[in-house]
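Structure record follows, encoded as structure tokens.
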Amino acid sequence: MGSSFASYVIQFPLLLFFLVSFSSAANDLPSFSNIIFNLDRDPLTLQYRININQGTPLATVKLVLDFSGKLSGLYCNKGAYPSSSYQPIKCMSPQCSLASKPVTCVSCNGTQTKNSWCHKNACSISTRNTVTRFSGKGELISDVVYTESIYAFGNEGYIRGPIDLRPISFGCAATSNFLKGLGEGAEGVAGLGRSSRLSLVSQFSAAFPQFRRTFALDLSGLLIYFGGGPYIYSYGKFFGDLSKLFHYVPLLVNPKSMEEYFIDVKSVKIHGKTVPIDKKLLSINKTNGVGGTKIDILKPYTVLETSIYKALIKVHTKWAKGMNVSRVTPVSPFGACYKSSTIPPWTSKPGSVAFIFPNSEWRIVWRDLVSVNNDAVRCLGFVDGGLKPKTSIVIGAHQLGWFMEFDTSKSRWGFLQPESGQQ
């Protein structure tokens, strides 16, 4: 579905971002209002990676996006990170107290060279790979990161250009086991956790005081923004700041998972019919953190607790039967698949699956189904997460859509309805 959305989007890497006819919007933009980085996606693991130019000499580092990460981490041992500008962070520094509790100092045996990755009295930390849940020893370092933004030049349009180099803190893992489970070419993880002061969201906000603690994802154009809007796009019949089309819902606090992004889903509907769900599963247990709904881009598809999954399949297949949609043998990991040629166009039956919030709803037209077997088959893009998962509903990358904003400064999540900008 990303390719169809891409036709509506004017890509940022073009030198002239908009023409003279759009000059009126330029007056609404400051000299720069956010910073941007390119994304890519590994075709096998389906993991999204931020591409950060950092170090000396500047080199592109690919880090897998981790919504629960307190700190970004790299594999640095034995010369794997050859930058000459990195600096070990001392164990008695304020940054170390944020990264390690209790504060622990690195102790080295014998004479160490800078590339040995043992720096006496550096900040000792635990590095974590969320994909495999691996945790190991490491050190806290800082290095320079090259930042870019969208500049406004009045009647001349917009171009993407450099801002400057800013020091950012990273964790350095001491073992290559840290990279297991990450897609080919990935050199670590990008911590985008909600509350940590060492996540990329917080560090970029601190580096640029005018920025909010906010990041936004353009999964069609493969861009990530830090600092908030505006996000100037041409989309359907809409031109302007895309955030004006956002629908916002509050981010909930899970006391046992403070870094993660939980939202208050009250029910799920398929073509207007409510899926029968035990309401207790949709609430967060404040004692143990079990239950509720979170967003996790590391999951390729939305994962549901078994009883929710079975109920969703039942309601969807009943609808399909009533529409004379032909069901075919399921393709793993999905439980309900259909012959593509028998599925009615979304315009005739919009809003297939909807997540219902207390005061609004989020319709995932186009993204409820996944094309397989060269588009001959389409499967309901939800998977079974087992009987007792920690989180009842984990909304994965496929269902997220093409543009969304995570605004931790205002504790809210912004999303687009599928028909936004088409009027």
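Here's how to read the names in the structure tokens: chain A, B, ... by the order shown, residue numbers from 1 in each chain, ligand numbers from 1 in the order shown.
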Practice prompt. If you run DSSP over the backbone, which residues in segment 25-267 of chain A end up strand (DSSP E or B)? Put them as a PyMOL selection string.
Written response: chain A and resi 35-41+48-54+59-66+73-75+87-88+90+104-105+122-129+134-152+158-173+188-191+214-218+223-226+232-235+238-241+247-252+261-263+267
Discussion item. As a ChimeraX atom specification, please: the residues near Trp319 of chain A (cut-off 8 Å, only C-alpha atoms, same-chain neighbours under 4 positions excluded).
Written reply: /A:271,315,323
Discussion item. Need the shell around Ser135 of chain A: protein/DNA/RNA residues with any atom at most 12 Å away, counting only C-alpha atoms. Skip same-chain ones fewer than 6 positions apart. Format as a PyMOL selection string?
Written reply: chain A and resi 73+125-129+171-180
Item to complete: Would you list the contacts of Ser243 of chain A as a ChimeraX atom specification, taking every protein, DNA or RNA residue within 10 Å and counting only C-alpha atoms, but skipping same-chain residues closer than 4 positions in sequence?
Response: /A:216,228-233,247-248,403-405,414-416
Practice prompt. Just give me the gap between atom CA of Lys299 of chain A and atom CA of Asp66 of chain A in Å, one decimal is fine.
Written response: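 Atom CA of Asp66 of chain A lies 10.4 Å from atom CA of Lys299 of chain A.
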Fill in: Residues near segment 303-307 of chain A, cut-off 8 Å, only C-alpha atoms, skip fewer than 5 positions along chain, as JSON, numbers by chain
{"A": [277, 382, 383, 384, 385, 386, 387, 388, 389, 391, 392, 393, 394, 395, 396]}
Discussion item. I'd like the contact shell of Glu139 of chain A - 12 Å cut-off, only C-alpha atoms, skipping same-chain residues fewer than 6 positions apart - returned as a PyMOL selection string.
Written reply: chain A and resi 71-77+86-91+95-96+99-100+103-107+116-127+169-175
Discussion item. I'd like the contact shell of Val64 of chain A - 10 Å cut-off, only C-alpha atoms, skipping same-chain residues fewer than 6 positions apart - returned as a PyMOL selection string.
Written reply: chain A and resi 39-42+47-51+72-73+129-131+182-183+186-191+297-298
Item to complete: Find, counting only C-alpha atoms, the residue in A:Lys294, A:Arg213, A:Lys237, A:Arg378 that gets nearest to Leu400 of chain A.
Response: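 Among the listed residues, the smallest separation from Leu400 of chain A belongs to A:Lys294.
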Discussion item. Run DSSP on the backbone and tell me which residues of segment 47-241 of chain A come out as helix (DSSP H, G or I); list them as a count of residues only.
Written reply: 27
Worksheet entry | Nearest candidate to Ile343 of chain A (options A:Phe357, A:Trp366, A:Ile313, A:Leu65; using only C-alpha atoms) |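 Among A:Phe357, A:Trp366, A:Ile313, A:Leu65, it is A:Trp366 that comes nearest to Ile343 of chain A.
Note that atom CA of Trp402 of chain A and atom CA of Leu219 of chain A are 4.8 Å apart.
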Discussion item. If I take atom CA of Pro43 of chain A and atom CA of Val370 of chain A, how far is one from the other in Å, to one decimal?
Written reply: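 Straight-line distance from atom CA of Pro43 of chain A to atom CA of Val370 of chain A works out to 15.2 Å.
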Discussion item. For a quick check of understanding, using only C-alpha atoms, which of A:Asp375, A:Thr287, A:Val365, A:Gly381 has the smallest distance to Ser332 of chain A?
Written reply: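 Of the candidates, the smallest distance to Ser332 of chain A is held by A:Gly381.
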Worksheet entry | Nearest residue to Gly272 of chain A from the set A:Ser84, A:His316, A:Ala397, A:Pro333 (distances using only C-alpha atoms) |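 The closest residue to Gly272 of chain A is A:His316.
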